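The next block holds one structure in the form of structure tokens; read it before the comments.
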Amino acid sequence: MWVFGDQLNRQIGALREAQPDTHRILMIESQLKISSRRWHVQRAHFIITSMRRFAAELREAGFEVDYRFAKSMQQGVQLHIDEFAPAKVIATEPNSFGARTLVTKLGIESVQSNQFLCHPDVYKDFLKGRKALKMEDFYRFQRKRLNVLMDGDNPVGDRWNFDEENRSGPPKKDQDRWPKPEVGALDELDAEVLKDISQFTWGVEPTGQWATTRTGALQRMNYFMQNILPMFGEHEDAMLASNWHLAHSLLSPYLNLGLLLPEEVVAAASKEFELGRVPISSAEGFIRQIIGWREFIWNCYWQWMPEYAQMNSLEAVRDLPQLFTNPDKTSMACMKSVLQGVNERSYSHHIERLMILGNFSLIAGINPQQLTEWMWNSYVDAAEWVMVPNVIGMSHYADGGMLSTKPYASGGAYVDRMSDHCKGCAYERKKRVGEDACPFTVLYWDFFLRHQDRFVRNPRVARQVRAAQQLADRDELQTTAVSIFSRLDRGQL
């Protein structure tokens with residue numbers, strides 16, 4: 001049985017029925033995969049260390065594990081077959097299009113995955129008869145079919161979502177109100193993996209932030225449920241330079257590798273609400289991220305791949321700027337803070353990804369495929385199924401509206417409202433012209449002028465387009481935008 005590095009759980013797919021006396025386990029560390037790009041050291045360390053620890057756990061459970069160090073996945077499978085001549089090799093459906101293609105090419109039997117709560121076969125039932133694709137509709141479909149936070153046929157609290165309660169900006173006082181995340185000690189295996197991957201990686205080495213066993217992941221989940229979930233909702237979209245974690249769960253890496261399963265995370269959050277320890281706004285907001293957005297993105301990926309990954313409807317061709325790999329190349333306080341956080345932790349929360357990095361890339365016309373690759377390389381919880389829809393569809397509108405009905409463009413006013421970055425920044429967020437004009441503000445208006453013919457017909461952003469067309473300083477603004485692009489390309493923004 002071939003187990004991929006993001007299926008590290010005895011309850012996933014084919015492993016559920018596996019027994020030590022009937023199944024030998026194959027796991028492969030592919031040299032080609034590891035050396036194919038420069039990974040953030042914490043991302044590479046998290047995956048490889050988790051794989052090696054899972055292999056050890058399987059051996060302790062009595063399984064014979066063939067943990068292969070091979071040039072490629074294909075070579076690893078062939079070497080396994082040559083040595084052990086198994087009657088057949090089976091695998092659980094892989095979580096990427098490329099891996100599934102390889103499994104099919106090699107003639108390996110595939111077992112349906114249960115790593116997500118809505119398999120693409122079930123998603124097809126949701127799509128039947130629908131002309132429009134909306135995450136909110138899918139979320140309600142999930143709530144009903146999974147019977148989560150439901151009172152009969154109605155949602156608990158008589159509301160499907162509590163977004164309005166969960167969109168407050170950063171608090172003015174007590175900005176350290178949220179408990180610090182748990183951190184574990186590193187050991188000899190951590191050191192061994194770091195040595196093995198040193199030539200392929202960048203960024204600050206791990207400090208124990210990310211657990212690499214199921215036991216550790218369960219501890220992190222329980223800590224979040226008991227200490228942080230009650231505070232989750234209100235400032236869910238806020239950004240603070242002084243506090244990178246706020247009340248975010250930090251559980252996505254474990255979900256994406258299989259160390260945690262979505263049903264157990266949802267069940268734990270539901271239990272805390274039912275016991276009266278968590279307000280409905282926090283419970284619903286968190287659960288929506290799991291059964292709504294995460295599963296929606298997963299199914300969009302499988303519905304539209306492989307062509308989807310190459311879409312670029314706005315013809316964004318600017319190369320990824322130097323500041324993404326060297327935050328010292330910018331004086332923009334918000335971009336510098338988020339990018340330094342990625343360098344230090346291989347992580348930033350969802351609003352920082354969408355409304356700082358993604359938003360800036362959208363309005364600056366940065367190539368979506370290059371941003372996708374950078375995020376895939378950089379984030380501890382990255383996977384192709386995560387990054388492709390979120391960049392192509394959500395942040396870049398590169399799919400022309402298949403996933404989102406409008407481009408998620410915003411200016412400096414949004415950043416100022418939802419963060420503390422603007423105070424003391426070298427740029428003035430209210431200014432549209434001049435060398436110290438905020439790049440977010442300038443490029444926001446310039447974006448709608450550049451794409452006015454397309455978006456003036458979009459009812460969700462037509463008002464912004466018309467406002468841009470009527471700016472008294474429109475010509476000066478566009479001149480400032482040219483200057484910003486020139487500085488950006490030179491690495492001097």
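Labeling convention for the structure tokens: chains A, B, ... as they appear, residues from 1 per chain, ligands from 1 in order of appearance.
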
Give one line per residue of segment 253-301 of chain A that approaches segment 160-173 of chain A to at most 7 Å, naming the two atoms of the closest pair and their distance in Å to one decimal, counting only C-alpha atoms; sort by chain then ascending residue number and deliver it as a tab-separated table.
```
residue	atom	partner	partner_atom	distance
A:Ser281	CA	A:Phe162	CA	5.4
A:Glu284	CA	A:Asn161	CA	6.6
A:Gly285	CA	A:Phe162	CA	6.7
```

Next item on the list: List every residue of segment 55-191 of chain A that DSSP, applied to the backbone of this structure, assigns to helix (DSSP H, G or I), and report them as an NGL selection string.
Entry: :A and (55-60 or 73-84 or 97-105 or 120-127 or 135-146 or 156-158 or 163-166 or 188-191)

Check: Pick from A:Leu339, A:Val456, A:Ile25, A:Val433: nearest to Arg474 of chain A, with only C-alpha atoms counted?
Finding: A:Val433

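Residues in contact with Thr49 of chain A at up to 7 Å, not including ones fewer than 2 positions away on its chain and judged by only C-alpha atoms, are His45, Phe46, Ile47, Met51, Arg52, Arg53, Asp190, Val193 and Thr212 of chain A.
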
Item checked: For Asp416 of chain A: contacts at 12 Å, only C-alpha atoms, fewer than 3 positions along chain excluded, given as an NGL selection string -> :A and (169-170 or 238-240 or 333-334 or 355-356 or 410-413 or 419-425 or 427-430 or 438 or 440-441)

Using N, CA and C atoms, can you export the residues from the last selection as an mmCIF file, in the first residue's frame?
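Output below, filename selection31.cif:
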```
data_model
loop_
_atom_site.group_PDB
_atom_site.id
_atom_site.type_symbol
_atom_site.label_atom_id
_atom_site.label_comp_id
_atom_site.auth_asym_id
_atom_site.auth_seq_id
_atom_site.Cartn_x
_atom_site.Cartn_y
_atom_site.Cartn_z
ATOM 1 N N GLY A 169 -12.241 45.380 13.434
ATOM 2 C CA GLY A 169 -10.835 45.687 13.259
ATOM 3 C C GLY A 169 -10.054 45.358 14.516
ATOM 4 N N PRO A 170 -8.773 45.648 14.527
ATOM 5 C CA PRO A 170 -7.948 45.316 15.697
ATOM 6 C C PRO A 170 -8.365 46.131 16.908
ATOM 7 N N ALA A 238 -8.949 40.774 11.603
ATOM 8 C CA ALA A 238 -8.033 41.850 11.994
ATOM 9 C C ALA A 238 -6.578 41.462 11.749
ATOM 10 N N MET A 239 -5.728 42.482 11.632
ATOM 11 C CA MET A 239 -4.294 42.278 11.429
ATOM 12 C C MET A 239 -3.524 43.177 12.380
ATOM 13 N N LEU A 240 -2.564 42.598 13.082
ATOM 14 C CA LEU A 240 -1.740 43.342 14.022
ATOM 15 C C LEU A 240 -0.269 43.052 13.776
ATOM 16 N N ALA A 333 4.613 49.264 5.212
ATOM 17 C CA ALA A 333 4.606 48.610 6.519
ATOM 18 C C ALA A 333 3.804 47.311 6.516
ATOM 19 N N CYS A 334 2.659 47.302 5.837
ATOM 20 C CA CYS A 334 1.807 46.107 5.833
ATOM 21 C C CYS A 334 2.471 44.952 5.098
ATOM 22 N N MET A 355 -5.966 39.839 1.553
ATOM 23 C CA MET A 355 -6.157 41.276 1.449
ATOM 24 C C MET A 355 -4.872 42.094 1.539
ATOM 25 N N ILE A 356 -3.745 41.442 1.839
ATOM 26 C CA ILE A 356 -2.459 42.137 1.751
ATOM 27 C C ILE A 356 -1.685 41.581 0.567
ATOM 28 N N SER A 410 -8.873 46.233 -2.948
ATOM 29 C CA SER A 410 -9.170 47.273 -1.967
ATOM 30 C C SER A 410 -7.959 48.172 -1.830
ATOM 31 N N GLY A 411 -8.190 49.375 -1.310
ATOM 32 C CA GLY A 411 -7.118 50.351 -1.170
ATOM 33 C C GLY A 411 -6.629 50.475 0.253
ATOM 34 N N GLY A 412 -5.896 51.535 0.497
ATOM 35 C CA GLY A 412 -5.313 51.752 1.812
ATOM 36 C C GLY A 412 -6.339 51.921 2.909
ATOM 37 N N ALA A 413 -7.546 52.353 2.584
ATOM 38 C CA ALA A 413 -8.575 52.559 3.610
ATOM 39 C C ALA A 413 -8.918 51.242 4.294
ATOM 40 N N SER A 419 -6.218 46.952 10.304
ATOM 41 C CA SER A 419 -4.881 46.673 10.839
ATOM 42 C C SER A 419 -4.329 47.893 11.567
ATOM 43 N N ASP A 420 -3.155 47.708 12.156
ATOM 44 C CA ASP A 420 -2.444 48.840 12.748
ATOM 45 C C ASP A 420 -1.186 49.165 11.948
ATOM 46 N N HIS A 421 -1.140 48.751 10.695
ATOM 47 C CA HIS A 421 0.061 48.925 9.875
ATOM 48 C C HIS A 421 0.271 50.352 9.391
ATOM 49 N N CYS A 422 -0.807 51.089 9.152
ATOM 50 C CA CYS A 422 -0.678 52.390 8.489
ATOM 51 C C CYS A 422 -0.049 53.459 9.376
ATOM 52 N N LYS A 423 -0.245 53.328 10.682
ATOM 53 C CA LYS A 423 0.327 54.311 11.587
ATOM 54 C C LYS A 423 1.850 54.196 11.581
ATOM 55 N N GLY A 424 2.511 55.279 11.184
ATOM 56 C CA GLY A 424 3.969 55.270 11.125
ATOM 57 C C GLY A 424 4.549 54.744 9.832
ATOM 58 N N CYS A 425 3.702 54.362 8.875
ATOM 59 C CA CYS A 425 4.202 53.872 7.584
ATOM 60 C C CYS A 425 4.826 55.024 6.799
ATOM 61 N N TYR A 427 4.369 55.602 3.808
ATOM 62 C CA TYR A 427 3.394 56.079 2.826
ATOM 63 C C TYR A 427 2.133 56.564 3.533
ATOM 64 N N GLU A 428 1.465 57.522 2.895
ATOM 65 C CA GLU A 428 0.249 58.111 3.442
ATOM 66 C C GLU A 428 -0.956 57.473 2.746
ATOM 67 N N ARG A 429 -1.720 56.727 3.521
ATOM 68 C CA ARG A 429 -2.775 55.916 2.896
ATOM 69 C C ARG A 429 -3.877 56.760 2.242
ATOM 70 N N LYS A 430 -4.056 58.033 2.631
ATOM 71 C CA LYS A 430 -5.104 58.866 2.035
ATOM 72 C C LYS A 430 -4.658 59.551 0.751
ATOM 73 N N CYS A 438 0.193 56.202 -0.863
ATOM 74 C CA CYS A 438 0.112 54.778 -0.524
ATOM 75 C C CYS A 438 -0.053 53.939 -1.796
ATOM 76 N N PHE A 440 -1.173 50.980 -2.134
ATOM 77 C CA PHE A 440 -2.478 50.319 -2.160
ATOM 78 C C PHE A 440 -3.554 51.263 -2.669
ATOM 79 N N THR A 441 -3.554 52.504 -2.191
ATOM 80 C CA THR A 441 -4.569 53.471 -2.610
ATOM 81 C C THR A 441 -4.428 53.819 -4.086
#
```

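Proximity to Thr207 of chain A was assessed for A:Gln175, A:Thr330, A:Ser346, A:Ser486 counting only C-alpha atoms; the smallest distance is recorded for A:Ser346.
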
Next item on the list: Have a look at A:Leu251, A:Leu371, A:Leu127, A:Val338 and name the one nearest to His396 of chain A; count only C-alpha atoms.
Entry: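 Nearest candidate to His396 of chain A out of A:Leu251, A:Leu371, A:Leu127, A:Val338: A:Leu371.
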
Next item on the list: For segment 87-89 of chain A, list every protein, DNA or RNA residue within 8 Å, evaluated using only C-alpha atoms, and leave out those in the same chain fewer than 3 positions away; present the list as a ChimeraX atom specification.
Entry: /A:1-2,108-109

Next item on the list: Would you list the contacts of segment 290-297 of chain A as a ChimeraX atom specification, taking every protein, DNA or RNA residue within 9 Å and counting only C-alpha atoms, but skipping same-chain residues closer than 6 positions in sequence?
Entry: /A:116-119,123,135-136,138-140,142-143,146,262-263,265-266,385-386,389-390,403

Go ahead and save the residues from that selection, with C-alpha atoms, as an mmCIF file, in the first residue's frame.
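Written out: selection37.cif:
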```cif
data_model
loop_
_atom_site.group_PDB
_atom_site.id
_atom_site.type_symbol
_atom_site.label_atom_id
_atom_site.label_comp_id
_atom_site.auth_asym_id
_atom_site.auth_seq_id
_atom_site.Cartn_x
_atom_site.Cartn_y
_atom_site.Cartn_z
ATOM 1 C CA PHE A 116 -12.541 15.560 3.142
ATOM 2 C CA LEU A 117 -16.167 15.801 4.184
ATOM 3 C CA CYS A 118 -17.545 16.334 0.691
ATOM 4 C CA HIS A 119 -16.168 14.022 -1.978
ATOM 5 C CA TYR A 123 -20.342 17.794 -4.827
ATOM 6 C CA MET A 135 -19.816 29.293 -1.370
ATOM 7 C CA GLU A 136 -22.651 30.360 0.941
ATOM 8 C CA PHE A 138 -22.526 25.166 -0.546
ATOM 9 C CA TYR A 139 -21.962 25.937 3.131
ATOM 10 C CA ARG A 140 -25.677 25.647 3.887
ATOM 11 C CA GLN A 142 -22.950 21.102 4.075
ATOM 12 C CA ARG A 143 -24.563 22.227 7.331
ATOM 13 C CA LEU A 146 -23.664 16.914 8.004
ATOM 14 C CA PRO A 262 -12.074 17.603 9.517
ATOM 15 C CA GLU A 263 -14.879 15.671 11.192
ATOM 16 C CA VAL A 265 -12.167 19.179 14.412
ATOM 17 C CA VAL A 266 -15.794 20.125 13.681
ATOM 18 C CA TRP A 385 -5.459 22.283 -4.228
ATOM 19 C CA VAL A 386 -5.286 25.125 -1.693
ATOM 20 C CA PRO A 389 -8.148 28.202 -6.447
ATOM 21 C CA ASN A 390 -7.280 30.800 -3.811
ATOM 22 C CA LEU A 403 -15.083 31.299 -8.287
#
```

Margin query: Applying 8 Å and only C-alpha atoms, which residues near Leu8 of chain A remain after dropping the ones on its own chain fewer than 5 positions away? List them as number ranges by chain.
Written below: A: 3, 50-51, 54, 257-259

How would the residues just chosen look if you wrote them out with C-alpha atoms as an mmCIF file, in the first residue's frame?
```cif
data_model
loop_
_atom_site.group_PDB
_atom_site.id
_atom_site.type_symbol
_atom_site.label_atom_id
_atom_site.label_comp_id
_atom_site.auth_asym_id
_atom_site.auth_seq_id
_atom_site.Cartn_x
_atom_site.Cartn_y
_atom_site.Cartn_z
ATOM 1 C CA VAL A 3 0.810 6.177 1.383
ATOM 2 C CA SER A 50 5.811 14.172 9.832
ATOM 3 C CA MET A 51 6.298 11.462 7.189
ATOM 4 C CA PHE A 54 4.337 8.390 10.807
ATOM 5 C CA LEU A 257 -1.385 16.473 6.000
ATOM 6 C CA GLY A 258 -4.050 14.236 7.509
ATOM 7 C CA LEU A 259 -2.711 14.452 11.055
#
```

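The gap separating atom CA of Arg37 of chain A from atom CA of Ala56 of chain A is 27.2 Å, in Å to one decimal.
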
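Proximity ranking of A:Ala14, A:Val415, A:Ala70, A:Ile366 relative to Gln31 of chain A places A:Ala70 first, based on only C-alpha atoms.
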
Next item on the list: List every residue of segment 47-265 of chain A that DSSP, applied to the backbone, labels as strand (DSSP E), and write the result as JSON, numbers by chain.
Entry: {"A": [64, 65, 66, 67, 68, 69, 70, 90, 91, 92, 109, 110, 111, 150, 151, 154, 155, 201, 202]}

Prev. selection, C-alpha atoms, output as a tab-separated table (two decimals), in the first residue's frame:
```
chain	number	residue	atom	x	y	z
A	64	GLU	CA	6.52	-3.54	7.66
A	65	VAL	CA	7.26	-0.12	6.16
A	66	ASP	CA	9.36	0.34	3.05
A	67	TYR	CA	10.39	3.99	3.44
A	68	ARG	CA	12.08	4.75	0.13
A	69	PHE	CA	14.58	7.50	-0.64
A	70	ALA	CA	14.27	7.55	-4.42
A	90	ILE	CA	-3.05	0.13	-3.89
A	91	ALA	CA	-3.27	3.78	-2.87
A	92	THR	CA	-5.84	6.17	-1.52
A	109	GLU	CA	-5.52	0.59	-7.84
A	110	SER	CA	-7.06	3.65	-6.19
A	111	VAL	CA	-9.37	3.66	-3.16
A	150	MET	CA	-28.66	22.61	13.12
A	151	ASP	CA	-31.96	22.67	15.01
A	154	ASN	CA	-33.10	25.42	10.76
A	155	PRO	CA	-29.68	26.73	11.73
A	201	THR	CA	15.40	25.65	1.64
A	202	TRP	CA	15.19	29.25	2.84
```

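Nearest residue to Arg214 of chain A among A:Leu189, A:Leu354, A:Leu261, A:Leu477 is A:Leu261, counting only C-alpha atoms.
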